[in-house]
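A.B. asks: Contents of start-v1.txt (compact mmCIF, C-alpha atoms and all ligand atoms) are below:
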# COMPACT_ATOMS: atom_id res chain seq x y z
CA MET A 127 14.84 10.09 13.37
CA GLY A 128 15.85 6.70 14.63
CA ASN A 129 18.53 8.29 16.83
CA GLY A 130 18.12 5.55 19.41
CA GLN A 131 17.25 7.98 22.21
CA LYS A 132 14.94 6.58 24.87
CA SER A 133 11.48 8.11 24.55
CA LYS A 134 8.48 7.70 26.77
CA ALA A 135 5.63 5.46 25.60
CA MET A 136 2.90 7.04 23.57
CA LEU A 137 -0.67 6.10 22.62
CA VAL A 138 -1.57 7.41 19.17
CA LEU A 139 -4.81 7.56 17.19
CA GLY A 140 -4.17 6.96 13.47
CA ILE A 141 -6.49 8.13 10.70
CA GLU A 142 -6.33 7.06 7.03
CA THR A 143 -8.64 8.67 4.44
CA SER A 144 -6.45 9.09 1.35
CA CYS A 145 -8.67 7.21 -1.09
CA ASP A 146 -11.70 4.96 -0.66
CA GLU A 147 -11.02 3.40 2.73
CA THR A 148 -11.77 5.05 6.06
CA GLY A 149 -9.34 3.48 8.51
CA VAL A 150 -8.70 4.27 12.17
CA ALA A 151 -6.44 2.59 14.74
CA LEU A 152 -4.96 2.97 18.19
CA TYR A 153 -1.26 2.16 18.52
CA ASP A 154 0.66 2.22 21.79
CA SER A 155 4.45 2.23 21.52
CA ALA A 156 4.71 0.13 24.69
CA ARG A 157 1.78 -2.28 24.18
CA GLY A 158 1.59 -2.44 20.37
CA LEU A 159 -1.56 -2.21 18.29
CA LEU A 160 -4.61 -1.94 20.57
CA GLY A 161 -7.18 -2.10 17.80
CA HIS A 162 -8.11 -0.96 14.33
CA THR A 163 -11.22 -0.71 12.21
CA LEU A 164 -11.97 0.11 8.60
CA PHE A 165 -14.83 0.90 6.29
CA SER A 166 -14.26 0.16 2.61
CA GLN A 167 -16.21 2.24 0.09
CA VAL A 168 -15.70 -0.31 -2.66
CA ASP A 169 -19.45 -0.91 -3.13
CA ILE A 170 -20.07 2.83 -3.52
CA HIS A 171 -17.56 3.18 -6.38
CA SER A 172 -17.70 -0.18 -8.15
CA SER A 173 -20.62 0.69 -10.43
CA TYR A 174 -18.62 3.71 -11.71
CA GLY A 175 -15.60 1.56 -12.58
CA GLY A 176 -13.30 3.67 -10.39
CA VAL A 177 -13.18 5.88 -7.32
CA VAL A 178 -15.41 9.00 -7.57
CA PRO A 179 -13.54 11.62 -5.50
CA GLU A 180 -16.60 13.60 -4.35
CA LEU A 181 -18.44 10.47 -3.22
CA ALA A 182 -15.29 9.35 -1.40
CA SER A 183 -15.02 12.62 0.57
CA ARG A 184 -18.69 12.59 1.52
CA ASP A 185 -18.53 9.02 2.79
CA HIS A 186 -15.36 9.69 4.81
CA ILE A 187 -17.30 12.51 6.51
CA ARG A 188 -20.13 10.10 7.33
CA LYS A 189 -17.93 7.29 8.66
CA ILE A 190 -14.92 8.85 10.36
CA MET A 191 -16.38 9.87 13.72
CA PRO A 192 -18.48 6.69 14.21
CA LEU A 193 -15.35 4.62 13.46
CA ILE A 194 -13.25 6.58 15.98
CA GLU A 195 -15.98 6.15 18.61
CA GLU A 196 -16.21 2.43 17.77
CA ILE A 197 -12.49 1.79 18.19
CA MET A 198 -12.33 3.73 21.45
CA THR A 199 -15.30 1.82 22.87
CA LYS A 200 -13.88 -1.54 21.73
CA THR A 201 -10.47 -0.90 23.28
CA GLY A 202 -11.75 0.97 26.36
CA VAL A 203 -9.49 3.92 25.51
CA LYS A 204 -10.69 7.31 26.74
CA PRO A 205 -9.83 10.66 25.12
CA THR A 206 -7.54 11.45 28.06
CA ASP A 207 -5.51 8.27 27.33
CA ILE A 208 -4.63 9.39 23.80
CA GLN A 209 -1.36 11.33 23.58
CA GLY A 210 -1.09 12.06 19.89
CA ILE A 211 -2.92 11.89 16.57
CA ALA A 212 -1.50 10.90 13.17
CA TYR A 213 -3.36 11.32 9.90
CA THR A 214 -2.53 10.71 6.24
CA ALA A 215 -1.79 14.07 4.63
CA GLY A 216 -0.97 12.79 1.13
CA PRO A 217 -0.57 11.69 -1.53
CA GLY A 218 -4.19 10.95 -2.37
CA LEU A 219 -7.53 12.52 -3.24
CA ILE A 220 -7.49 16.06 -1.92
CA GLY A 221 -11.05 16.14 -0.54
CA ALA A 222 -10.68 12.72 1.07
CA LEU A 223 -7.37 13.71 2.67
CA MET A 224 -8.92 16.92 3.94
CA VAL A 225 -11.54 14.98 5.93
CA GLY A 226 -8.92 13.00 7.88
CA ALA A 227 -6.70 16.04 8.36
CA VAL A 228 -9.48 18.28 9.64
CA VAL A 229 -10.85 15.63 12.00
CA GLY A 230 -7.34 14.80 13.27
CA ARG A 231 -6.40 18.41 13.82
CA THR A 232 -9.74 19.29 15.43
CA LEU A 233 -9.53 16.40 17.89
CA GLY A 234 -5.92 17.33 18.61
CA TRP A 235 -6.99 20.87 19.41
CA ALA A 236 -10.00 19.75 21.50
CA TRP A 237 -7.95 17.18 23.45
CA GLN A 238 -4.89 19.46 23.62
CA ILE A 239 -2.50 16.85 22.20
CA PRO A 240 0.01 17.02 19.34
CA THR A 241 -0.81 15.91 15.81
CA VAL A 242 1.44 14.83 12.98
CA ARG A 243 0.94 14.43 9.24
CA VAL A 244 2.00 11.12 7.71
CA HIS A 245 2.98 10.28 4.13
CA HIS A 246 0.70 7.49 2.90
CA LEU A 247 3.59 5.54 1.36
CA GLU A 248 5.58 5.77 4.57
CA GLY A 249 2.60 4.13 6.23
CA HIS A 250 2.79 1.24 3.74
CA LEU A 251 6.57 0.94 4.18
CA MET A 252 6.21 0.72 7.96
CA ALA A 253 3.28 -1.77 7.93
CA PRO A 254 5.50 -4.87 8.36
CA LEU A 255 6.81 -3.34 11.61
CA LEU A 256 3.36 -3.90 13.15
CA GLU A 257 4.02 -7.65 13.16
CA ASP A 258 5.73 -9.67 15.92
CA SER A 259 8.32 -10.93 13.47
CA ARG A 260 9.60 -7.61 12.16
CA PRO A 261 12.59 -6.60 10.08
CA ASP A 262 15.49 -4.51 11.37
CA PHE A 263 16.66 -1.57 9.26
CA PRO A 264 17.99 -1.38 6.61
CA PHE A 265 15.72 -3.30 4.24
CA LEU A 266 14.54 -3.27 0.65
CA ALA A 267 10.83 -2.54 0.21
CA LEU A 268 8.75 -3.59 -2.76
CA LEU A 269 5.78 -1.24 -2.62
CA VAL A 270 3.04 -2.40 -4.97
CA SER A 271 -0.31 -0.64 -4.75
CA GLY A 272 -3.04 0.80 -6.96
CA GLY A 273 -1.15 4.07 -7.28
CA HIS A 274 2.52 3.15 -6.91
CA THR A 275 5.14 0.58 -7.86
CA LEU A 276 8.41 1.30 -6.12
CA LEU A 277 11.60 -0.36 -4.98
CA VAL A 278 12.83 1.58 -1.96
CA GLU A 279 15.93 1.24 0.18
CA VAL A 280 14.67 1.93 3.72
CA LYS A 281 17.49 2.86 6.10
CA GLY A 282 15.22 4.08 8.89
CA LEU A 283 12.05 6.05 9.49
CA GLY A 284 12.17 8.98 7.07
CA ASN A 285 15.37 7.73 5.44
CA TYR A 286 14.37 6.41 2.04
CA ARG A 287 16.02 6.07 -1.38
CA ILE A 288 13.86 5.19 -4.36
CA LEU A 289 15.77 2.69 -6.50
CA GLY A 290 13.12 1.94 -9.10
CA GLU A 291 9.63 2.99 -10.09
CA THR A 292 7.05 2.38 -12.78
CA ILE A 293 7.38 4.51 -15.88
CA ASP A 294 3.66 4.14 -16.68
CA ASP A 295 0.89 2.18 -14.89
CA ALA A 296 1.25 1.10 -11.27
CA VAL A 297 1.04 -2.65 -10.90
CA GLY A 298 -2.33 -2.55 -9.07
CA GLU A 299 -3.65 -0.24 -11.76
CA ALA A 300 -2.54 -2.74 -14.43
CA PHE A 301 -4.27 -5.56 -12.50
CA ASP A 302 -7.45 -3.47 -12.27
CA LYS A 303 -7.43 -2.41 -15.94
CA THR A 304 -6.79 -5.98 -17.14
CA ALA A 305 -9.53 -7.24 -14.81
CA LYS A 306 -11.90 -4.70 -16.36
CA LEU A 307 -11.00 -5.94 -19.87
CA LEU A 308 -11.86 -9.46 -18.68
CA GLY A 309 -15.22 -8.23 -17.38
CA LEU A 310 -14.33 -8.78 -13.72
CA GLY A 311 -15.54 -5.44 -12.33
CA TYR A 312 -13.67 -2.90 -10.25
CA PRO A 313 -11.31 -3.09 -8.42
CA GLY A 314 -10.58 -6.45 -9.97
CA GLY A 315 -7.00 -7.25 -8.86
CA ALA A 316 -8.00 -9.85 -6.27
CA VAL A 317 -10.73 -11.34 -8.53
CA LEU A 318 -8.27 -11.64 -11.43
CA SER A 319 -5.88 -13.45 -9.15
CA GLN A 320 -8.61 -15.93 -8.12
CA LEU A 321 -9.53 -16.51 -11.76
CA ALA A 322 -5.85 -17.14 -12.62
CA GLU A 323 -5.98 -20.23 -10.37
CA GLN A 324 -8.12 -21.94 -13.06
CA GLY A 325 -5.74 -20.90 -15.87
CA ARG A 326 -3.59 -23.36 -17.85
CA PRO A 327 0.12 -22.58 -17.36
CA ASN A 328 1.84 -21.28 -20.54
CA TYR A 329 -1.36 -21.44 -22.63
CA PHE A 330 -0.61 -17.79 -23.42
CA GLN A 331 2.84 -16.23 -23.05
CA PHE A 332 3.07 -12.55 -22.14
CA PRO A 333 6.38 -10.62 -22.24
CA ARG A 334 8.45 -9.74 -19.14
CA PRO A 335 8.67 -5.95 -19.55
CA MET A 336 12.07 -4.25 -19.21
CA LEU A 337 13.87 -7.32 -17.89
CA ASP A 338 16.26 -7.27 -20.83
CA ARG A 339 17.52 -3.80 -19.82
CA PRO A 340 19.65 -2.82 -16.86
CA GLY A 341 18.05 -0.77 -14.08
CA LEU A 342 15.23 -1.20 -11.61
CA ASP A 343 12.32 0.62 -13.25
CA PHE A 344 9.10 -1.10 -14.27
CA SER A 345 6.55 -0.79 -17.06
CA PHE A 346 3.15 -2.47 -16.94
CA SER A 347 0.96 -0.72 -19.49
CA GLY A 348 2.25 -2.98 -22.30
CA LEU A 349 1.00 -6.07 -20.46
CA LYS A 350 -2.48 -4.59 -20.29
CA THR A 351 -2.34 -3.91 -24.05
CA CYS A 352 -1.10 -7.46 -24.60
CA ALA A 353 -4.14 -8.74 -22.65
CA LEU A 354 -6.43 -6.56 -24.76
CA ARG A 355 -4.95 -7.92 -28.00
CA THR A 356 -5.23 -11.50 -26.78
CA ILE A 357 -8.88 -10.94 -25.81
CA GLU A 358 -9.63 -9.43 -29.23
CA GLN A 359 -7.92 -12.34 -30.99
CA GLN A 360 -10.26 -14.82 -29.27
CA GLY A 361 -13.33 -13.05 -30.73
CA ALA A 362 -16.46 -15.20 -30.51
CA GLU A 363 -14.39 -18.15 -29.21
CA MET A 364 -13.84 -16.38 -25.87
CA ASN A 365 -14.97 -18.45 -22.88
CA ASP A 366 -14.32 -18.75 -19.14
CA GLN A 367 -11.33 -21.06 -19.58
CA LEU A 368 -9.61 -18.67 -22.00
CA ARG A 369 -10.34 -15.75 -19.66
CA ALA A 370 -8.64 -17.69 -16.84
CA ASP A 371 -5.69 -18.50 -19.15
CA ILE A 372 -5.26 -14.78 -19.95
CA ALA A 373 -5.52 -13.88 -16.24
CA LEU A 374 -2.79 -16.42 -15.46
CA ALA A 375 -0.52 -15.26 -18.31
CA PHE A 376 -0.87 -11.65 -17.12
CA GLN A 377 -0.30 -12.45 -13.45
CA THR A 378 2.70 -14.70 -14.17
CA ALA A 379 4.35 -11.98 -16.27
CA VAL A 380 3.81 -9.38 -13.52
CA VAL A 381 4.96 -11.64 -10.70
CA GLU A 382 8.09 -12.88 -12.51
CA THR A 383 9.03 -9.31 -13.41
CA LEU A 384 8.60 -8.08 -9.83
CA ILE A 385 10.62 -10.98 -8.44
CA ALA A 386 13.46 -10.51 -10.94
CA LYS A 387 13.70 -6.79 -10.12
CA CYS A 388 13.68 -7.49 -6.36
CA ARG A 389 16.53 -9.97 -6.79
CA ARG A 390 18.47 -7.44 -8.86
CA ALA A 391 17.88 -4.62 -6.33
CA LEU A 392 18.91 -6.77 -3.34
CA LYS A 393 22.19 -7.56 -5.08
CA GLU A 394 22.81 -3.98 -6.25
CA VAL A 395 22.44 -2.43 -2.81
CA ASN A 396 23.68 -5.49 -0.95
CA LEU A 397 20.67 -5.92 1.34
CA SER A 398 19.57 -9.17 2.95
CA ARG A 399 16.06 -8.19 4.09
CA LEU A 400 13.03 -7.64 1.87
CA ILE A 401 9.58 -6.37 2.83
CA VAL A 402 6.52 -6.33 0.61
CA ALA A 403 3.85 -3.68 1.08
CA GLY A 404 0.77 -2.28 -0.64
CA GLY A 405 -2.45 -3.87 -1.90
CA VAL A 406 -0.82 -6.13 -4.51
CA GLY A 407 1.28 -7.54 -1.67
CA ALA A 408 -1.86 -9.54 -0.86
CA ASN A 409 -1.44 -11.48 -4.12
CA SER A 410 -0.72 -15.09 -3.24
CA ALA A 411 1.28 -15.91 -6.41
CA LEU A 412 3.56 -12.96 -5.64
CA ARG A 413 3.93 -14.03 -2.01
CA THR A 414 4.77 -17.61 -2.93
CA GLY A 415 7.19 -16.59 -5.70
CA LEU A 416 9.00 -14.10 -3.49
CA LYS A 417 9.30 -16.63 -0.65
CA THR A 418 10.91 -19.14 -3.03
CA MET A 419 13.34 -16.51 -4.34
CA ALA A 420 14.17 -15.43 -0.78
CA GLU A 421 14.94 -19.00 0.26
CA LYS A 422 17.25 -19.50 -2.73
CA GLU A 423 19.05 -16.19 -2.24
CA LYS A 424 19.18 -16.50 1.58
CA ILE A 425 17.13 -13.36 2.04
CA MET A 426 14.84 -12.71 5.01
CA ILE A 427 11.39 -11.76 3.75
CA TYR A 428 8.59 -10.03 5.67
CA PHE A 429 4.96 -9.40 4.75
CA PRO A 430 2.36 -7.40 6.64
CA ARG A 431 -0.77 -9.43 7.42
CA LEU A 432 -3.23 -9.26 4.50
CA GLU A 433 -5.43 -6.55 6.03
CA PHE A 434 -2.37 -4.30 6.46
CA CYS A 435 -1.26 -4.71 2.84
CA THR A 436 -4.19 -2.63 1.66
CA ASP A 437 -4.96 0.83 3.08
CA ASN A 438 -5.56 0.91 6.83
CA GLY A 439 -5.31 3.16 9.87
CA ALA A 440 -2.86 0.95 11.77
CA MET A 441 0.10 1.73 9.50
CA ILE A 442 -0.58 5.46 9.86
CA ALA A 443 -0.87 5.19 13.66
CA TYR A 444 2.44 3.29 13.75
CA ALA A 445 4.40 5.66 11.47
CA GLY A 446 2.87 8.73 13.19
CA CYS A 447 3.73 7.36 16.63
CA GLN A 448 7.40 6.97 15.62
CA ARG A 449 7.44 10.52 14.26
CA LEU A 450 5.77 11.94 17.40
CA LEU A 451 8.22 10.05 19.61
CA ALA A 452 11.04 11.58 17.57
CA GLY A 453 9.64 15.02 18.41
CA GLN A 454 7.88 15.91 15.17
CA ARG A 455 4.79 18.10 15.50
CA ASP A 456 2.44 19.78 13.01
CA ASP A 457 2.73 23.49 12.56
CA LEU A 458 -0.42 25.62 12.61
CA ALA A 459 -1.46 25.16 8.97
CA ILE A 460 -3.67 22.26 7.96
CA GLN A 461 -1.81 21.03 4.91
CA VAL A 462 -2.71 18.10 2.67
CA ARG A 463 -1.11 17.24 -0.66
CA ALA A 464 -2.62 15.33 -3.58
CA ARG A 465 1.00 14.83 -4.74
CA TRP A 466 3.68 14.64 -2.12
CA GLY A 467 7.26 14.04 -3.11
CA CYS A 468 7.71 12.46 -6.48
CA CYS A 469 9.51 9.62 -8.00
CA THR A 470 11.64 11.74 -10.30
CA CYS A 471 13.17 13.59 -7.35
CA LYS A 472 13.68 10.19 -5.67
CA LYS A 473 12.14 11.44 -2.45
CA LEU A 474 9.15 10.21 -0.48
CA THR A 475 8.78 12.77 2.25
O1 LIG B 1 -2.55 -0.27 -1.26
P1 LIG B 1 -3.94 -0.27 -1.79
O2 LIG B 1 -5.05 -0.74 -0.89
O3 LIG B 1 -4.38 1.14 -2.25
C1 LIG B 1 -3.54 2.07 -2.81
O4 LIG B 1 -2.87 2.82 -2.05
O5 LIG B 1 -3.47 2.04 -4.07
O6 LIG B 1 -3.90 -1.16 -3.14
C2 LIG B 1 -5.05 -1.42 -3.91
C3 LIG B 1 -4.64 -2.20 -5.15
C4 LIG B 1 -5.76 -2.34 -6.16
O7 LIG B 1 -5.26 -2.05 -7.44
C5 LIG B 1 -6.17 -3.82 -6.05
O8 LIG B 1 -6.72 -4.35 -7.22
C6 LIG B 1 -4.84 -4.45 -5.72
O9 LIG B 1 -4.24 -3.54 -4.80
N1 LIG B 1 -5.00 -5.79 -5.09
C7 LIG B 1 -4.55 -6.93 -5.68
C8 LIG B 1 -4.90 -7.99 -4.78
N2 LIG B 1 -5.53 -7.44 -3.70
C9 LIG B 1 -5.57 -6.09 -3.91
N3 LIG B 1 -3.91 -7.15 -6.84
C10 LIG B 1 -3.59 -8.42 -7.13
N4 LIG B 1 -3.89 -9.48 -6.36
C11 LIG B 1 -4.53 -9.32 -5.17
N5 LIG B 1 -4.81 -10.37 -4.40
ZN ZN B 2 -2.24 2.64 -0.23
What is this file in structure tokens?

C.D. replies:
Amino acid sequence: MGNGQKSKAMLVLGIETSCDETGVALYDSARGLLGHTLFSQVDIHSSYGGVVPELASRDHIRKIMPLIEEIMTKTGVKPTDIQGIAYTAGPGLIGALMVGAVVGRTLGWAWQIPTVRVHHLEGHLMAPLLEDSRPDFPFLALLVSGGHTLLVEVKGLGNYRILGETIDDAVGEAFDKTAKLLGLGYPGGAVLSQLAEQGRPNYFQFPRPMLDRPGLDFSFSGLKTCALRTIEQQGAEMNDQLRADIALAFQTAVVETLIAKCRRALKEVNLSRLIVAGGVGANSALRTGLKTMAEKEKIMIYFPRLEFCTDNGAMIAYAGCQRLLAGQRDDLAIQVRARWGCCTCKKLT
């Protein structure tokens, strides 16, 4: 990959169904992103306090074809214009992944065009490349989502080295669990961050996990426990102000820890470009803190637009298009993987 050979332009349909968002997009390697659309199932799952896999699969089935039709109508793209299809093949919920894979492969067969499976995390890592101001390789990626917390050295498409990972909860998961403890519903990451704006700085002090040790791994489950203990200590005195103070203490601890580890990783691998990807990349305290660090350390920093931090079809269309241009094609089997690569083997794809 990334061999610099000239390839002809390609228009690719991207499909994302790994969890609770049905996303589709059309990306053209010559003209850029033509359009994208998304349906979020958040209202379907919120009353259960988490994503219900069977409900997710069923809703992907309901929404996927109407969304593909919608994006084609909006952009005026006809089936004969599309030259390839990319779909998320993992990691994620197996039934949900299967919907995107089967639809992608079926359309590929019907339209007689190649298809390619895309790793969900590769999609997130490539999301900043959808923007006009885009980083050159190599760069450091901070990937912070509901399922993953990773520091990755990205040397090119498909050329990744995991430098650090969480040893317990992912950062988005810790946000969501703490939000639940504060009675903010699910998924509560963004709501917690809004509440933190009303918090009094340093009213509560939470620890900065694993900063006193060398290395680039993270741990966030202790912060959630710390929030639980603080909530319990308030007892009947608990009120909205104290809830906001706890939200701020939690968020500040997370953000400072992430920033410190980014700074450490940039120095260790001697990189001068940083990208931030994944749902927690939408957090404004994290964005502001990272920008300040980048300015001080003379680092170039890149963020995807907010809608491309969370799951979307555009990042899959982009990553798939690069893979198709590099000559990758699916074999005959329709293969999806709930787990794909793992942090302990330091591989993503
Ligand atoms: O990348 P994503 O859409 O899905 C996964 O692949 O996991 O990330 C979703 C996660 C959720 O945990 C959500 O609470 C969190 O990102 N999130 C935020 C914010 N917006 C989304 N966490 C903190 N602050 C935000 N503004
Ligand atoms: Zn994701």

A.B. asks: Report as an mmCIF file with C-alpha atoms, keeping the file's coordinate frame all protein, DNA and RNA residues lying within 8 Å of A:Val244, evaluated on all atoms listed in the file, omitting residues in the same chain fewer than 5 positions from it.

C.D. replies:
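Listed below is the output, selection-v8.cif:
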data_model
loop_
_atom_site.group_PDB
_atom_site.id
_atom_site.type_symbol
_atom_site.label_atom_id
_atom_site.label_comp_id
_atom_site.auth_asym_id
_atom_site.auth_seq_id
_atom_site.Cartn_x
_atom_site.Cartn_y
_atom_site.Cartn_z
ATOM 1 C CA ALA A 212 -1.500 10.900 13.170
ATOM 2 C CA TYR A 213 -3.360 11.320 9.900
ATOM 3 C CA THR A 214 -2.530 10.710 6.240
ATOM 4 C CA ALA A 215 -1.790 14.070 4.630
ATOM 5 C CA GLY A 216 -0.970 12.790 1.130
ATOM 6 C CA GLY A 249 2.600 4.130 6.230
ATOM 7 C CA ILE A 442 -0.580 5.460 9.860
ATOM 8 C CA ALA A 445 4.400 5.660 11.470
ATOM 9 C CA GLY A 446 2.870 8.730 13.190
#

A.B. asks: So which residues touch stretch 337-350 of chain A within 12 Å, counting all atoms listed in the file, skipping near sequence neighbours fewer than 6 positions away, as a PDB file with C-alpha atoms, in the frame of the given file?

C.D. replies:
ATOM      1  CA  LEU A 268       8.750  -3.590  -2.760  1.00  0.00           C
ATOM      2  CA  VAL A 270       3.040  -2.400  -4.970  1.00  0.00           C
ATOM      3  CA  HIS A 274       2.520   3.150  -6.910  1.00  0.00           C
ATOM      4  CA  THR A 275       5.140   0.580  -7.860  1.00  0.00           C
ATOM      5  CA  LEU A 276       8.410   1.300  -6.120  1.00  0.00           C
ATOM      6  CA  LEU A 277      11.600  -0.360  -4.980  1.00  0.00           C
ATOM      7  CA  VAL A 278      12.830   1.580  -1.960  1.00  0.00           C
ATOM      8  CA  ILE A 288      13.860   5.190  -4.360  1.00  0.00           C
ATOM      9  CA  LEU A 289      15.770   2.690  -6.500  1.00  0.00           C
ATOM     10  CA  GLY A 290      13.120   1.940  -9.100  1.00  0.00           C
ATOM     11  CA  GLU A 291       9.630   2.990 -10.090  1.00  0.00           C
ATOM     12  CA  THR A 292       7.050   2.380 -12.780  1.00  0.00           C
ATOM     13  CA  ILE A 293       7.380   4.510 -15.880  1.00  0.00           C
ATOM     14  CA  ASP A 294       3.660   4.140 -16.680  1.00  0.00           C
ATOM     15  CA  ASP A 295       0.890   2.180 -14.890  1.00  0.00           C
ATOM     16  CA  ALA A 296       1.250   1.100 -11.270  1.00  0.00           C
ATOM     17  CA  VAL A 297       1.040  -2.650 -10.900  1.00  0.00           C
ATOM     18  CA  GLY A 298      -2.330  -2.550  -9.070  1.00  0.00           C
ATOM     19  CA  GLU A 299      -3.650  -0.240 -11.760  1.00  0.00           C
ATOM     20  CA  ALA A 300      -2.540  -2.740 -14.430  1.00  0.00           C
ATOM     21  CA  PHE A 301      -4.270  -5.560 -12.500  1.00  0.00           C
ATOM     22  CA  ASP A 302      -7.450  -3.470 -12.270  1.00  0.00           C
ATOM     23  CA  LYS A 303      -7.430  -2.410 -15.940  1.00  0.00           C
ATOM     24  CA  THR A 304      -6.790  -5.980 -17.140  1.00  0.00           C
ATOM     25  CA  ALA A 305      -9.530  -7.240 -14.810  1.00  0.00           C
ATOM     26  CA  LYS A 306     -11.900  -4.700 -16.360  1.00  0.00           C
ATOM     27  CA  LEU A 307     -11.000  -5.940 -19.870  1.00  0.00           C
ATOM     28  CA  LEU A 308     -11.860  -9.460 -18.680  1.00  0.00           C
ATOM     29  CA  GLN A 331       2.840 -16.230 -23.050  1.00  0.00           C
ATOM     30  CA  THR A 356      -5.230 -11.500 -26.780  1.00  0.00           C
ATOM     31  CA  ILE A 357      -8.880 -10.940 -25.810  1.00  0.00           C
ATOM     32  CA  ILE A 372      -5.260 -14.780 -19.950  1.00  0.00           C
ATOM     33  CA  ALA A 373      -5.520 -13.880 -16.240  1.00  0.00           C
ATOM     34  CA  ALA A 375      -0.520 -15.260 -18.310  1.00  0.00           C
ATOM     35  CA  PHE A 376      -0.870 -11.650 -17.120  1.00  0.00           C
ATOM     36  CA  GLN A 377      -0.300 -12.450 -13.450  1.00  0.00           C
ATOM     37  CA  THR A 378       2.700 -14.700 -14.170  1.00  0.00           C
ATOM     38  CA  ALA A 379       4.350 -11.980 -16.270  1.00  0.00           C
ATOM     39  CA  VAL A 380       3.810  -9.380 -13.520  1.00  0.00           C
ATOM     40  CA  VAL A 381       4.960 -11.640 -10.700  1.00  0.00           C
ATOM     41  CA  GLU A 382       8.090 -12.880 -12.510  1.00  0.00           C
ATOM     42  CA  THR A 383       9.030  -9.310 -13.410  1.00  0.00           C
ATOM     43  CA  LEU A 384       8.600  -8.080  -9.830  1.00  0.00           C
ATOM     44  CA  ILE A 385      10.620 -10.980  -8.440  1.00  0.00           C
ATOM     45  CA  ALA A 386      13.460 -10.510 -10.940  1.00  0.00           C
ATOM     46  CA  LYS A 387      13.700  -6.790 -10.120  1.00  0.00           C
ATOM     47  CA  CYS A 388      13.680  -7.490  -6.360  1.00  0.00           C
ATOM     48  CA  ARG A 389      16.530  -9.970  -6.790  1.00  0.00           C
ATOM     49  CA  ARG A 390      18.470  -7.440  -8.860  1.00  0.00           C
ATOM     50  CA  ALA A 391      17.880  -4.620  -6.330  1.00  0.00           C
ATOM     51  CA  LEU A 392      18.910  -6.770  -3.340  1.00  0.00           C
ATOM     52  CA  LYS A 393      22.190  -7.560  -5.080  1.00  0.00           C
ATOM     53  CA  GLU A 394      22.810  -3.980  -6.250  1.00  0.00           C
ATOM     54  CA  VAL A 395      22.440  -2.430  -2.810  1.00  0.00           C
ATOM     55  CA  CYS A 469       9.510   9.620  -8.000  1.00  0.00           C
ATOM     56  CA  THR A 470      11.640  11.740 -10.300  1.00  0.00           C
TER      57      THR A 470
END

A.B. asks: Please identify all polymer residues within 7 Å of A:Glu279, counting only C-alpha atoms, omitting same-chain residues fewer than 4 positions from it, and present them as a PyMOL selection string.

C.D. replies: chain A and resi 265-267+286-289

A.B. asks: Measuring between all atoms listed in the file, which one of A:Ile208, A:Val177, A:Pro313, A:Met252 shows the shortest distance to A:Gly439?

C.D. replies: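 Closest candidate: A:Met252.
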
A.B. asks: Using only C-alpha atoms and all ligand atoms, can you tell me which of A:Cys145, A:Ile460, A:Ala316, A:Ala151 comes closest to ligand ZN 2 (chain B)?

C.D. replies: A:Cys145

A.B. asks: Would you list the residues that come within 12 Å of ligand ZN 2 (chain B)? Count only C-alpha atoms and all ligand atoms and give the answer as a ChimeraX atom specification.

C.D. replies: /A:142-149,214,216-219,245-253,269-275,296,298-299,403-407,433-439,441-442

A.B. asks: Using all atoms listed in the file, pick whichever of A:Glu196, A:Glu257, A:Glu323, A:Asp185 has the shortest atom-to-atom distance to ligand LIG 1 (chain B).

C.D. replies: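 For ligand LIG 1 (chain B), the nearest of the candidates is A:Glu323.
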
A.B. asks: Please, what distance in Å, to one decimal, runs between atom CA of A:Tyr174 and atom CA of A:Leu368?

C.D. replies: 26.2 Å

A.B. asks: So that I can see what lies close to A:Arg260, please list as a PyMOL selection string the residues with an atom at most 9 Å from it, counting all atoms listed in the file and leaving out residues fewer than 6 positions away in the same chain.

C.D. replies: chain A and resi 254+428-429

A.B. asks: Could you tell me how far atom CA of A:Gly467 lies from atom C1 of ligand LIG 1 (chain B), in Å and to one decimal?

C.D. replies: 16.1 Å

A.B. asks: Could you work out how far atom CA of A:Glu358 lies from atom CA of A:Asn409, giving the answer in Å with one decimal?

C.D. replies: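 Atom CA of A:Glu358 lies at a distance of 26.5 Å from atom CA of A:Asn409.
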
A.B. asks: Give as a list of chain:residue names every residue, naming chains and numbers as the document does, that has an atom within 7 Å of (9.2, -9.9, 2.8), counting only C-alpha atoms.

C.D. replies: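 Residues lying no farther than 7 Å from the given point: A:Leu400, A:Ile401, A:Val402, A:Met426, A:Ile427, A:Tyr428, A:Phe429.
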
A.B. asks: Given the choices A:Met419, A:Val138, A:Val150, A:Ala370, which gets closest to A:Ser166 if the distance is worked out from all atoms listed in the file?

C.D. replies: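 Of A:Met419, A:Val138, A:Val150, A:Ala370, the one nearest A:Ser166 is A:Val150, counting all atoms listed in the file.
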
A.B. asks: Nearest to ligand LIG 1 (chain B): which of A:Gln167, A:Gln238, A:Asn365, A:Gln209 is it, counting all atoms listed in the file?

C.D. replies: A:Gln167

A.B. asks: My list of candidates is A:Ile141, A:Val462, A:Ile194, A:Ala322. Which is closest to ligand LIG 1 (chain B) when distances are computed with only C-alpha atoms and all ligand atoms?

C.D. replies: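 Among the listed residues, A:Ala322 lies closest to ligand LIG 1 (chain B).
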
A.B. asks: Give me, as number ranges by chain, all polymer residues having an atom no more than 8 Å from A:Val242, counting only C-alpha atoms and skipping those fewer than 6 positions away in the same chain.

C.D. replies: A: 210-213, 446, 449-450, 454-456
